[in-house]
>>> print(open('coords.cif').read())   # mmCIF, C-alpha atoms and all ligand atoms
data_entry
loop_
_atom_site.label_atom_id
_atom_site.label_comp_id
_atom_site.auth_asym_id
_atom_site.auth_seq_id
_atom_site.Cartn_x
_atom_site.Cartn_y
_atom_site.Cartn_z
CA MET A 525 -55.83 25.96 -19.60
CA THR A 526 -54.94 27.36 -22.99
CA ALA A 527 -57.08 30.45 -22.40
CA ALA A 528 -55.38 31.00 -19.06
CA GLY A 529 -51.92 30.60 -20.59
CA TYR A 530 -50.95 27.38 -18.81
CA ASP A 531 -48.98 24.60 -20.50
CA ALA A 532 -49.87 22.17 -17.75
CA PHE A 533 -51.67 21.79 -14.46
CA ILE A 534 -50.66 20.03 -11.25
CA ILE A 535 -53.61 18.84 -9.16
CA THR A 536 -52.89 17.77 -5.59
CA GLN A 537 -56.10 18.61 -3.69
CA PRO A 538 -57.62 15.19 -2.82
CA GLU A 539 -61.22 15.81 -3.95
CA ASN A 540 -60.11 17.54 -7.14
CA ARG A 541 -57.72 14.67 -7.85
CA ARG A 542 -60.51 12.16 -7.39
CA TYR A 543 -63.01 14.21 -9.42
CA LEU A 544 -60.73 14.43 -12.45
CA SER A 545 -59.14 10.98 -12.38
CA GLY A 546 -61.31 8.66 -10.29
CA PHE A 547 -58.27 7.89 -8.12
CA THR A 548 -59.28 7.56 -4.44
CA GLY A 549 -55.82 7.11 -2.90
CA SER A 550 -54.58 9.42 -0.17
CA ALA A 551 -51.46 10.66 -1.96
CA GLY A 552 -50.54 11.62 -5.48
CA ALA A 553 -50.45 14.40 -8.03
CA LEU A 554 -52.13 14.73 -11.40
CA PHE A 555 -50.07 16.29 -14.15
CA ILE A 556 -52.22 17.43 -17.05
CA THR A 557 -50.90 18.86 -20.30
CA THR A 558 -53.04 19.95 -23.24
CA ASP A 559 -52.99 16.42 -24.67
CA ARG A 560 -51.70 14.02 -22.00
CA GLN A 561 -52.62 13.09 -18.44
CA PHE A 562 -50.33 11.55 -15.83
CA LEU A 563 -50.86 10.34 -12.30
CA LEU A 564 -47.80 10.43 -10.04
CA THR A 565 -48.04 8.40 -6.84
CA ASP A 566 -46.16 5.96 -4.61
CA SER A 567 -46.04 2.15 -4.55
CA ARG A 568 -49.02 1.78 -2.21
CA TYR A 569 -51.21 2.77 -5.14
CA TYR A 570 -49.59 1.49 -8.35
CA GLU A 571 -52.14 -1.32 -8.75
CA GLN A 572 -55.05 0.87 -7.63
CA VAL A 573 -54.30 3.45 -10.36
CA GLY A 574 -54.73 0.73 -12.97
CA ARG A 575 -58.15 -0.17 -11.56
CA GLU A 576 -59.50 3.30 -10.85
CA SER A 577 -57.80 5.48 -13.45
CA PRO A 578 -57.10 3.33 -16.52
CA ASP A 579 -57.03 6.38 -18.83
CA TRP A 580 -54.20 7.99 -16.88
CA THR A 581 -50.51 7.22 -17.39
CA LEU A 582 -49.03 6.04 -14.09
CA VAL A 583 -45.74 7.63 -13.09
CA LYS A 584 -44.08 5.54 -10.38
CA ALA A 585 -42.85 8.46 -8.33
CA GLY A 586 -42.26 6.74 -5.01
CA TYR A 587 -42.08 9.48 -2.43
CA ARG A 588 -40.16 11.81 -4.79
CA THR A 589 -43.03 13.45 -6.64
CA ALA A 590 -41.30 16.74 -7.47
CA GLU A 591 -38.13 15.03 -8.76
CA SER A 592 -40.23 12.58 -10.81
CA LEU A 593 -42.07 15.49 -12.37
CA ALA A 594 -38.76 17.08 -13.33
CA THR A 595 -37.80 13.86 -15.12
CA LEU A 596 -41.20 13.69 -16.80
CA LEU A 597 -40.94 17.30 -18.00
CA GLU A 598 -37.58 16.56 -19.56
CA SER A 599 -38.95 13.50 -21.38
CA LEU A 600 -41.87 15.58 -22.69
CA GLY A 601 -39.59 18.41 -23.81
CA MET A 602 -41.42 20.79 -21.48
CA THR A 603 -38.46 22.30 -19.69
CA ALA A 604 -39.67 25.89 -20.23
CA ALA A 605 -43.32 25.47 -19.32
CA THR A 606 -45.77 27.51 -17.28
CA ILE A 607 -47.40 25.10 -14.84
CA ALA A 608 -50.41 25.98 -12.72
CA PHE A 609 -50.78 24.64 -9.19
CA GLU A 610 -53.53 24.85 -6.57
CA ALA A 611 -52.61 27.70 -4.25
CA ASP A 612 -55.39 26.86 -1.81
CA HIS A 613 -53.93 23.41 -1.20
CA PHE A 614 -50.13 23.70 -1.63
CA THR A 615 -48.20 24.63 1.51
CA VAL A 616 -45.30 27.07 1.32
CA ALA A 617 -42.97 24.15 2.18
CA GLN A 618 -44.34 22.07 -0.72
CA PHE A 619 -44.02 25.01 -3.08
CA GLU A 620 -40.36 25.44 -2.15
CA THR A 621 -39.70 21.70 -2.63
CA TRP A 622 -41.29 21.74 -6.09
CA GLN A 623 -39.53 24.93 -7.09
CA SER A 624 -36.11 23.64 -6.13
CA ALA A 625 -36.69 20.30 -7.90
CA LEU A 626 -37.86 21.82 -11.20
CA PRO A 627 -35.62 23.65 -13.67
CA ASP A 628 -35.38 27.46 -13.29
CA THR A 629 -37.01 27.79 -16.71
CA VAL A 630 -40.26 26.27 -15.41
CA THR A 631 -42.71 28.80 -13.96
CA LEU A 632 -45.08 27.64 -11.24
CA GLU A 633 -48.23 29.75 -11.28
CA ALA A 634 -50.70 29.92 -8.38
CA THR A 635 -54.37 29.37 -9.21
CA THR A 636 -57.54 28.89 -7.18
CA GLY A 637 -60.96 27.49 -7.93
CA PHE A 638 -60.23 25.95 -11.34
CA THR A 639 -61.47 22.41 -10.58
CA ALA A 640 -63.79 23.50 -7.76
CA GLU A 641 -65.87 25.40 -10.34
CA LEU A 642 -66.17 22.27 -12.48
CA ARG A 643 -67.29 20.27 -9.46
CA ALA A 644 -70.14 22.66 -8.60
CA ILE A 645 -72.48 21.26 -11.29
CA LYS A 646 -73.21 17.62 -10.54
CA THR A 647 -73.41 14.81 -13.09
CA PRO A 648 -76.30 12.31 -12.81
CA ALA A 649 -73.93 9.75 -11.24
CA GLU A 650 -72.74 12.27 -8.64
CA LEU A 651 -76.32 13.26 -7.86
CA ASP A 652 -77.23 9.62 -7.40
CA ALA A 653 -74.42 9.13 -4.86
CA ILE A 654 -75.45 12.30 -2.98
CA LYS A 655 -79.05 11.08 -2.84
CA ARG A 656 -77.93 7.72 -1.47
CA ALA A 657 -75.78 9.46 1.17
CA GLN A 658 -78.75 11.61 2.15
CA ALA A 659 -81.06 8.57 2.29
CA VAL A 660 -78.76 7.00 4.89
CA ALA A 661 -78.81 10.22 6.94
CA ASP A 662 -82.62 10.38 6.64
CA ALA A 663 -82.93 6.80 7.86
CA ALA A 664 -80.65 7.64 10.80
CA MET A 665 -82.81 10.63 11.67
CA ALA A 666 -85.96 8.47 11.59
CA HIS A 667 -84.19 6.00 13.87
CA LEU A 668 -83.25 8.84 16.22
CA PHE A 669 -86.88 9.88 16.62
CA ASP A 670 -87.82 6.29 17.55
CA TRP A 671 -84.86 5.78 19.84
CA ILE A 672 -84.29 8.99 21.78
CA GLN A 673 -85.68 9.32 25.28
CA PRO A 674 -85.01 11.47 28.35
CA GLY A 675 -81.74 10.58 30.08
CA VAL A 676 -79.45 10.10 27.05
CA THR A 677 -76.46 12.42 26.66
CA GLU A 678 -75.42 14.45 23.62
CA ARG A 679 -72.54 12.02 23.15
CA ASP A 680 -74.90 9.01 23.29
CA VAL A 681 -76.93 10.51 20.46
CA ALA A 682 -73.85 11.29 18.36
CA TRP A 683 -72.58 7.72 18.75
CA GLU A 684 -76.01 6.20 18.00
CA MET A 685 -76.14 8.24 14.78
CA GLU A 686 -72.58 7.30 13.80
CA VAL A 687 -73.17 3.59 14.34
CA TYR A 688 -76.49 3.74 12.48
CA MET A 689 -75.03 5.47 9.44
CA ARG A 690 -71.92 3.27 9.33
CA THR A 691 -73.97 0.09 9.58
CA HIS A 692 -76.44 1.25 6.91
CA GLY A 693 -74.14 1.93 3.99
CA ALA A 694 -71.97 4.90 4.96
CA THR A 695 -68.19 4.55 4.62
CA ALA A 696 -67.51 7.59 6.80
CA LEU A 697 -69.17 10.60 8.35
CA SER A 698 -69.16 13.87 6.39
CA PHE A 699 -68.03 15.53 9.64
CA ASP A 700 -68.23 14.80 13.37
CA THR A 701 -71.92 14.74 14.27
CA ILE A 702 -73.10 17.82 16.15
CA VAL A 703 -75.55 17.12 18.98
CA ALA A 704 -76.34 20.02 21.29
CA THR A 705 -79.05 20.49 23.88
CA ARG A 706 -80.48 23.56 25.69
CA ALA A 707 -77.92 26.44 25.81
CA ASN A 708 -75.33 24.34 23.93
CA SER A 709 -77.55 24.50 20.84
CA ALA A 710 -76.91 28.26 20.71
CA LEU A 711 -73.35 27.40 19.58
CA PRO A 712 -73.69 26.79 15.82
CA HIS A 713 -70.85 24.21 15.82
CA ALA A 714 -71.09 22.70 19.29
CA THR A 715 -69.18 19.53 20.24
CA PRO A 716 -71.33 16.82 21.87
CA GLY A 717 -70.57 16.36 25.55
CA ASP A 718 -71.99 14.81 28.69
CA ALA A 719 -75.06 17.05 28.92
CA VAL A 720 -78.11 14.90 29.66
CA ILE A 721 -81.15 15.53 27.46
CA GLY A 722 -84.36 15.77 29.47
CA ALA A 723 -88.05 15.89 28.58
CA GLY A 724 -88.93 19.22 26.98
CA ASP A 725 -85.32 20.11 26.12
CA VAL A 726 -84.27 21.55 22.77
CA VAL A 727 -82.02 19.20 20.78
CA LEU A 728 -80.07 20.22 17.67
CA VAL A 729 -78.58 17.42 15.52
CA ASP A 730 -76.42 18.27 12.47
CA MET A 731 -75.04 15.24 10.66
CA GLY A 732 -74.16 13.64 7.38
CA CYS A 733 -72.32 10.70 5.92
CA VAL A 734 -70.32 9.60 2.90
CA VAL A 735 -71.49 7.08 0.28
CA ASP A 736 -69.29 6.37 -2.76
CA GLY A 737 -67.22 9.41 -1.86
CA TYR A 738 -70.14 11.84 -1.77
CA CYS A 739 -71.44 13.65 1.31
CA SER A 740 -74.79 14.40 2.85
CA ASP A 741 -75.49 17.13 5.39
CA MET A 742 -78.69 17.83 7.34
CA THR A 743 -79.84 19.47 10.55
CA ARG A 744 -82.97 19.05 12.62
CA THR A 745 -83.84 20.90 15.82
CA PHE A 746 -86.67 19.49 17.92
CA SER A 747 -87.81 19.42 21.48
CA LEU A 748 -88.01 16.11 23.28
CA GLY A 749 -91.77 16.08 23.81
CA GLU A 750 -93.59 19.27 24.82
CA PRO A 751 -91.09 22.17 24.79
CA LYS A 752 -90.19 23.65 28.18
CA ASN A 753 -88.82 26.96 26.92
CA PRO A 754 -91.72 29.32 26.12
CA ARG A 755 -89.81 31.06 23.30
CA TYR A 756 -88.91 27.85 21.49
CA ARG A 757 -92.10 27.42 19.43
CA GLU A 758 -91.99 30.96 18.07
CA VAL A 759 -88.27 30.85 17.21
CA TRP A 760 -88.54 27.39 15.63
CA GLN A 761 -91.42 28.58 13.43
CA ILE A 762 -89.48 31.65 12.24
CA VAL A 763 -86.56 29.43 11.20
CA LYS A 764 -88.99 27.08 9.45
CA ASN A 765 -90.57 30.03 7.61
CA ALA A 766 -87.10 31.24 6.59
CA MET A 767 -86.25 27.80 5.23
CA ASP A 768 -89.54 27.64 3.32
CA ALA A 769 -88.96 31.11 1.83
CA ALA A 770 -85.54 30.06 0.54
CA GLN A 771 -86.82 26.73 -0.77
CA ASN A 772 -89.66 28.48 -2.59
CA GLY A 773 -87.52 31.27 -4.04
CA ILE A 774 -84.24 29.70 -5.13
CA ARG A 775 -83.94 28.73 -8.79
CA SER A 776 -81.27 28.67 -11.46
CA GLY A 777 -79.98 32.19 -12.17
CA ILE A 778 -80.40 33.66 -8.69
CA SER A 779 -77.28 35.09 -7.05
CA SER A 780 -75.85 33.60 -3.89
CA ARG A 781 -76.52 36.90 -2.10
CA ALA A 782 -80.19 37.04 -3.19
CA ALA A 783 -80.72 33.39 -2.20
CA ASP A 784 -79.32 34.08 1.26
CA ALA A 785 -81.55 37.15 1.59
CA LEU A 786 -84.73 35.10 1.01
CA ALA A 787 -84.23 33.46 4.40
CA ARG A 788 -82.36 36.27 6.14
CA ASP A 789 -85.13 38.79 5.46
CA VAL A 790 -87.69 36.54 7.20
CA ILE A 791 -85.47 36.24 10.27
CA ALA A 792 -84.61 39.96 10.31
CA ALA A 793 -88.30 40.96 9.92
CA ALA A 794 -89.08 38.86 13.01
CA GLY A 795 -86.45 40.78 14.96
CA TYR A 796 -83.73 38.10 15.04
CA GLY A 797 -81.39 39.40 12.32
CA ASP A 798 -78.47 39.67 14.77
CA ASN A 799 -78.96 36.05 15.84
CA PHE A 800 -78.29 34.57 12.38
CA GLY A 801 -74.57 35.07 11.83
CA HIS A 802 -73.57 32.36 9.38
CA SER A 803 -74.44 32.14 5.71
CA LEU A 804 -77.53 30.34 4.43
CA GLY A 805 -75.72 27.40 2.92
CA HIS A 806 -72.97 25.85 0.85
CA GLY A 807 -72.40 23.43 -1.99
CA VAL A 808 -72.08 19.72 -1.13
CA GLY A 809 -70.41 16.95 -3.10
CA LEU A 810 -67.11 15.11 -2.67
CA ALA A 811 -66.49 17.65 0.11
CA VAL A 812 -69.14 18.64 2.62
CA HIS A 813 -68.35 22.31 2.02
CA GLU A 814 -67.62 23.17 -1.59
CA MET A 815 -68.68 25.51 -4.38
CA PRO A 816 -71.01 27.33 -4.53
CA PRO A 817 -71.27 29.40 -1.35
CA VAL A 818 -74.84 30.47 -0.54
CA SER A 819 -73.90 33.63 1.29
CA TYR A 820 -74.72 37.29 1.76
CA ALA A 821 -71.02 37.93 1.13
CA ARG A 822 -70.84 36.37 -2.35
CA ASP A 823 -72.30 37.09 -5.79
CA THR A 824 -71.85 33.60 -7.28
CA GLU A 825 -74.72 32.68 -9.60
CA LEU A 826 -76.57 29.52 -8.58
CA ARG A 827 -77.17 27.29 -11.60
CA ALA A 828 -79.16 24.17 -12.42
CA GLY A 829 -77.32 21.03 -11.36
CA MET A 830 -75.73 22.53 -8.26
CA VAL A 831 -76.40 20.82 -4.91
CA ILE A 832 -76.59 23.22 -1.99
CA THR A 833 -77.71 23.28 1.62
CA ILE A 834 -80.41 25.62 2.92
CA GLU A 835 -79.74 26.06 6.63
CA PRO A 836 -81.07 29.16 8.36
CA GLY A 837 -80.66 29.43 12.13
CA ILE A 838 -81.40 31.61 15.12
CA TYR A 839 -79.05 31.40 18.09
CA LEU A 840 -79.96 32.87 21.48
CA PRO A 841 -76.83 32.76 23.70
CA GLY A 842 -77.47 31.21 27.09
CA GLU A 843 -80.91 29.90 26.01
CA PHE A 844 -81.03 27.72 22.90
CA GLY A 845 -80.52 27.73 19.14
CA VAL A 846 -82.57 26.45 16.22
CA ARG A 847 -81.13 25.45 12.85
CA LEU A 848 -82.94 23.53 10.12
CA GLU A 849 -80.92 22.24 7.16
CA ASN A 850 -82.02 20.56 3.96
CA MET A 851 -80.03 19.63 0.88
CA ALA A 852 -81.43 20.92 -2.40
CA LEU A 853 -80.74 20.42 -6.09
CA VAL A 854 -81.02 23.72 -8.00
CA THR A 855 -83.18 23.37 -11.13
CA ASP A 856 -84.43 25.75 -13.83
CA ASN A 857 -87.81 26.05 -12.10
CA GLY A 858 -86.86 25.96 -8.43
CA VAL A 859 -85.24 23.42 -6.17
CA GLU A 860 -85.71 19.70 -5.62
CA ILE A 861 -85.38 18.99 -1.90
CA LEU A 862 -83.14 15.95 -1.43
CA THR A 863 -83.70 15.66 2.35
CA ARG A 864 -86.74 13.51 3.03
CA SER A 865 -86.89 13.70 6.84
CA ALA A 866 -89.93 15.40 8.31
CA VAL A 867 -89.32 18.85 9.77
CA SER A 868 -90.82 18.46 13.24
CA LEU A 869 -91.00 20.92 16.09
CA LYS A 870 -90.93 18.09 18.62
CA SER A 871 -90.42 14.37 18.98
CA GLN A 872 -92.54 11.93 20.95
CA VAL A 873 -91.31 11.18 24.45
ZN ZN A 901 -74.91 20.56 8.53
ZN ZN A 902 -74.22 22.43 6.15
#
>>> encode(input="coords.cif", output="structure tokens", more="lines below")
Ligand code: ZN
Ligand code: ZN
Amino acid sequence: MTAAGYDAFIITQPENRRYLSGFTGSAGALFITTDRQFLLTDSRYYEQVGRESPDWTLVKAGYRTAESLATLLESLGMTAATIAFEADHFTVAQFETWQSALPDTVTLEATTGFTAELRAIKTPAELDAIKRAQAVADAAMAHLFDWIQPGVTERDVAWEMEVYMRTHGATALSFDTIVATRANSALPHATPGDAVIGAGDVVLVDMGCVVDGYCSDMTRTFSLGEPKNPRYREVWQIVKNAMDAAQNGIRSGISSRAADALARDVIAAAGYGDNFGHSLGHGVGLAVHEMPPVSYARDTELRAGMVITIEPGIYLPGEFGVRLENMALVTDNGVEILTRSAVSLKSQV
């Protein structure tokens, strides 16, 4: 903060707020000076702050956060301060409310990425929570392979996965489970519907859950028994090879762009470069998509302690799509794959 010229920082983005303070409530603002830390929230959370954030000074702000901050600034003698806020979370309406509540001598300065960068490297406790979230998703995937049979719909599968994860330790889903069969699987973010999955059909399942605030995220594509579509085996194997290439090549120090290229080059060499539109992966933690990006469009350096996804895909509109996604911890020597589920071309019928 000092290097950036800020006297204080306001943190309102929920995951950043939780990361810095431990506070899990749905509303509140952190106010951080160079030597003090305050948590402003409303009466729903006064007791919770004491339990979760004992090192933070509670400011009972009610629903008047901006006005309470003005009072706090006056009591701290900070009426001419430069205060950073999170531009990627504040709305224009919020900004105007804060600006009109604070003295004209206070400067609000827009920043991005400050806390997100800190969150990219995981502590051992964070890594432990991520592994537990992934273990629940892995168990759900194993259950799916036992349970699925011809005649179930995409929506049936999504619900079965949700119930399994929520009854085996998950407090929430990382995102709505994606289940897509046949041509629907060519839509990278399909919504499960009433399509009935038959023997030999391609099924793509992308899912994850939350344990102790931390997310998991995984994708498997398989055919229900012997694949019907003659191109499926070949395309599935190319995606698998692309995933293996990335898993074998990523290590601390590689750029996001070079990591993405490890998989993309395999897919392009096989003639499917135009069918892999999205980036190779993303960071995972308190949010299911966070720093660092693993993308052809970004130069971010991947470093030991980051948790990323590796998720190449090939999508053939009107036919089917294949995506395989593992979570990986970046280390000095390579990656540790956190996803334990087998990578199978097909399930038993
Ligand atoms: Zn996913
Ligand atoms: Zn993902």
>>> residues_around(input="coords.cif", residues="stretch 761-766 of chain A", least_positions_apart="5", cutoff="8 Å", atoms="all atoms listed in the file", output="tab-separated table (two decimals) with C-alpha atoms, in the coordinates of the input")
chain	number	residue	atom	x	y	z
A	786	LEU	CA	-84.73	35.10	1.01
A	787	ALA	CA	-84.23	33.46	4.40
A	788	ARG	CA	-82.36	36.27	6.14
A	789	ASP	CA	-85.13	38.79	5.46
A	790	VAL	CA	-87.69	36.54	7.20
A	791	ILE	CA	-85.47	36.24	10.27
A	794	ALA	CA	-89.08	38.86	13.01
A	836	PRO	CA	-81.07	29.16	8.36
A	837	GLY	CA	-80.66	29.43	12.13
A	838	ILE	CA	-81.40	31.61	15.12
A	846	VAL	CA	-82.57	26.45	16.22
A	847	ARG	CA	-81.13	25.45	12.85
A	848	LEU	CA	-82.94	23.53	10.12
>>> residues_around(input="coords.cif", residues="stretch 592-600 of chain A", least_positions_apart="2", cutoff="10 Å", atoms="all atoms listed in the file", output="ChimeraX atom specification")
/A:534,553,555,557,560,562,564-565,583-590,602-605,622,625-627,630
>>> residues_around(input="coords.cif", residues="stretch 714-725 of chain A", least_positions_apart="3", cutoff="10 Å", atoms="only C-alpha atoms", output="PyMOL selection string")
chain A and resi 672-683+700-711+728-730+746-753+756+844+870-873
>>> closest_atom_pairs(input="coords.cif", of="chain A", to="ligand ZN 902 (chain A)", cutoff="10 Å", atoms="all atoms listed in the file", output="CSV")
residue,atom,partner,partner_atom,distance
A:Ser698,CA,A:ZN902,ZN,9.9
A:Phe699,CA,A:ZN902,ZN,9.9
A:Asp730,CA,A:ZN902,ZN,7.9
A:Met731,CA,A:ZN902,ZN,8.5
A:Gly732,CA,A:ZN902,ZN,8.9
A:Ser740,CA,A:ZN902,ZN,8.7
A:Asp741,CA,A:ZN902,ZN,5.5
A:Met742,CA,A:ZN902,ZN,6.5
A:Thr743,CA,A:ZN902,ZN,7.7
A:Ser803,CA,A:ZN902,ZN,9.7
A:Leu804,CA,A:ZN902,ZN,8.7
A:Gly805,CA,A:ZN902,ZN,6.1
A:His806,CA,A:ZN902,ZN,6.4
A:Gly807,CA,A:ZN902,ZN,8.4
A:Val808,CA,A:ZN902,ZN,8.1
A:Val812,CA,A:ZN902,ZN,7.3
A:His813,CA,A:ZN902,ZN,7.2
A:Ile832,CA,A:ZN902,ZN,8.5
A:Thr833,CA,A:ZN902,ZN,5.8
A:Ile834,CA,A:ZN902,ZN,7.7
A:Glu835,CA,A:ZN902,ZN,6.6
A:Pro836,CA,A:ZN902,ZN,9.9
A:Leu848,CA,A:ZN902,ZN,9.6
A:Glu849,CA,A:ZN902,ZN,6.8
A:Asn850,CA,A:ZN902,ZN,8.3
A:Met851,CA,A:ZN902,ZN,8.3
>>> write_last_selection(input="coords.cif", atoms="C-alpha atoms", output="CSV table (one decimal), in the coordinates of the input")
chain,number,residue,atom,x,y,z
A,698,SER,CA,-69.2,13.9,6.4
A,699,PHE,CA,-68.0,15.5,9.6
A,730,ASP,CA,-76.4,18.3,12.5
A,731,MET,CA,-75.0,15.2,10.7
A,732,GLY,CA,-74.2,13.6,7.4
A,740,SER,CA,-74.8,14.4,2.8
A,741,ASP,CA,-75.5,17.1,5.4
A,742,MET,CA,-78.7,17.8,7.3
A,743,THR,CA,-79.8,19.5,10.6
A,803,SER,CA,-74.4,32.1,5.7
A,804,LEU,CA,-77.5,30.3,4.4
A,805,GLY,CA,-75.7,27.4,2.9
A,806,HIS,CA,-73.0,25.8,0.8
A,807,GLY,CA,-72.4,23.4,-2.0
A,808,VAL,CA,-72.1,19.7,-1.1
A,812,VAL,CA,-69.1,18.6,2.6
A,813,HIS,CA,-68.4,22.3,2.0
A,832,ILE,CA,-76.6,23.2,-2.0
A,833,THR,CA,-77.7,23.3,1.6
A,834,ILE,CA,-80.4,25.6,2.9
A,835,GLU,CA,-79.7,26.1,6.6
A,836,PRO,CA,-81.1,29.2,8.4
A,848,LEU,CA,-82.9,23.5,10.1
A,849,GLU,CA,-80.9,22.2,7.2
A,850,ASN,CA,-82.0,20.6,4.0
A,851,MET,CA,-80.0,19.6,0.9
>>> closest_residue(input="coords.cif", among="A:Leu810, A:Ala828, A:Ala792, A:Leu697", to="ligand ZN 901 (chain A)", atoms="all atoms listed in the file")
A:Leu697
>>> atom_distance(input="coords.cif", atom1="atom CA of A:Glu684", atom2="atom CA of A:Ala664")
8.7 Å
>>> residues_around(input="coords.cif", residues="A:Arg690", least_positions_apart="6", cutoff="10 Å", atoms="all atoms listed in the file", output="ChimeraX atom specification")
/A:660,664,696-697,733-735
>>> closest_residue(input="coords.cif", among="A:Ala661, A:Ala666, A:Ala551, A:Ala866", to="ligand ZN 901 (chain A)", atoms="all atoms listed in the file")
A:Ala661
>>> residues_around(input="coords.cif", residues="A:Met815", least_positions_apart="6", cutoff="12 Å", atoms="all atoms listed in the file", output="PyMOL selection string")
chain A and resi 636-646+780+805-809+822+824-827+829-833
>>> atom_distance(input="coords.cif", atom1="atom CA of A:Phe533", atom2="atom CA of A:Ala617")
18.9 Å
>>> closest_residue(input="coords.cif", among="A:Val726, A:Leu582, A:Gly777, A:Gly549", to="A:Arg568", atoms="all atoms listed in the file")
A:Gly549
>>> atom_distance(input="coords.cif", atom1="atom CA of A:Ser776", atom2="atom CA of A:Glu814")
17.7 Å
>>> residues_near_point(input="coords.cif", point="(-50.5, 22.1, -2.0)", cutoff="10 Å", atoms="all atoms listed in the file", output="compact mmCIF listing (two decimals) with C-alpha atoms, in the frame of the given file")
# COMPACT_ATOMS: atom_id res chain seq x y z
CA ILE A 534 -50.66 20.03 -11.25
CA ILE A 535 -53.61 18.84 -9.16
CA THR A 536 -52.89 17.77 -5.59
CA GLN A 537 -56.10 18.61 -3.69
CA PRO A 538 -57.62 15.19 -2.82
CA ALA A 553 -50.45 14.40 -8.03
CA PHE A 609 -50.78 24.64 -9.19
CA GLU A 610 -53.53 24.85 -6.57
CA ALA A 611 -52.61 27.70 -4.25
CA ASP A 612 -55.39 26.86 -1.81
CA HIS A 613 -53.93 23.41 -1.20
CA PHE A 614 -50.13 23.70 -1.63
CA THR A 615 -48.20 24.63 1.51
CA VAL A 616 -45.30 27.07 1.32
CA ALA A 617 -42.97 24.15 2.18
CA GLN A 618 -44.34 22.07 -0.72
CA PHE A 619 -44.02 25.01 -3.08
>>> closest_residue(input="coords.cif", among="A:Ile861, A:Trp671, A:Arg575, A:Val759", to="A:Tyr796", atoms="all atoms listed in the file")
A:Val759
>>> build_atoms(input="coords.cif", residues="stretch 832-843 of chain A", atoms="N, CA and C atoms", output="mmCIF file, in the frame of the given file")
data_model
loop_
_atom_site.group_PDB
_atom_site.id
_atom_site.type_symbol
_atom_site.label_atom_id
_atom_site.label_comp_id
_atom_site.auth_asym_id
_atom_site.auth_seq_id
_atom_site.Cartn_x
_atom_site.Cartn_y
_atom_site.Cartn_z
ATOM 1 N N ILE A 832 -76.906 22.282 -3.067
ATOM 2 C CA ILE A 832 -76.590 23.220 -1.990
ATOM 3 C C ILE A 832 -77.343 22.817 -0.709
ATOM 4 N N THR A 833 -76.912 23.403 0.405
ATOM 5 C CA THR A 833 -77.710 23.280 1.620
ATOM 6 C C THR A 833 -78.482 24.577 1.823
ATOM 7 N N ILE A 834 -79.618 24.460 2.493
ATOM 8 C CA ILE A 834 -80.410 25.620 2.920
ATOM 9 C C ILE A 834 -80.543 25.455 4.424
ATOM 10 N N GLU A 835 -79.833 26.301 5.179
ATOM 11 C CA GLU A 835 -79.740 26.060 6.630
ATOM 12 C C GLU A 835 -79.781 27.339 7.456
ATOM 13 N N PRO A 836 -80.948 27.989 7.502
ATOM 14 C CA PRO A 836 -81.070 29.160 8.360
ATOM 15 C C PRO A 836 -81.043 28.758 9.834
ATOM 16 N N GLY A 837 -80.684 29.705 10.694
ATOM 17 C CA GLY A 837 -80.660 29.430 12.130
ATOM 18 C C GLY A 837 -80.873 30.701 12.936
ATOM 19 N N ILE A 838 -81.318 30.519 14.143
ATOM 20 C CA ILE A 838 -81.400 31.610 15.120
ATOM 21 C C ILE A 838 -80.769 31.086 16.403
ATOM 22 N N TYR A 839 -79.799 31.836 16.916
ATOM 23 C CA TYR A 839 -79.050 31.400 18.090
ATOM 24 C C TYR A 839 -79.200 32.423 19.206
ATOM 25 N N LEU A 840 -79.737 31.992 20.339
ATOM 26 C CA LEU A 840 -79.960 32.870 21.480
ATOM 27 C C LEU A 840 -78.999 32.450 22.595
ATOM 28 N N PRO A 841 -77.867 33.171 22.737
ATOM 29 C CA PRO A 841 -76.830 32.760 23.700
ATOM 30 C C PRO A 841 -77.408 32.574 25.097
ATOM 31 N N GLY A 842 -77.015 31.486 25.735
ATOM 32 C CA GLY A 842 -77.470 31.210 27.090
ATOM 33 C C GLY A 842 -78.830 30.525 27.147
ATOM 34 N N GLU A 843 -79.571 30.513 26.015
ATOM 35 C CA GLU A 843 -80.910 29.900 26.010
ATOM 36 C C GLU A 843 -80.936 28.640 25.129
#
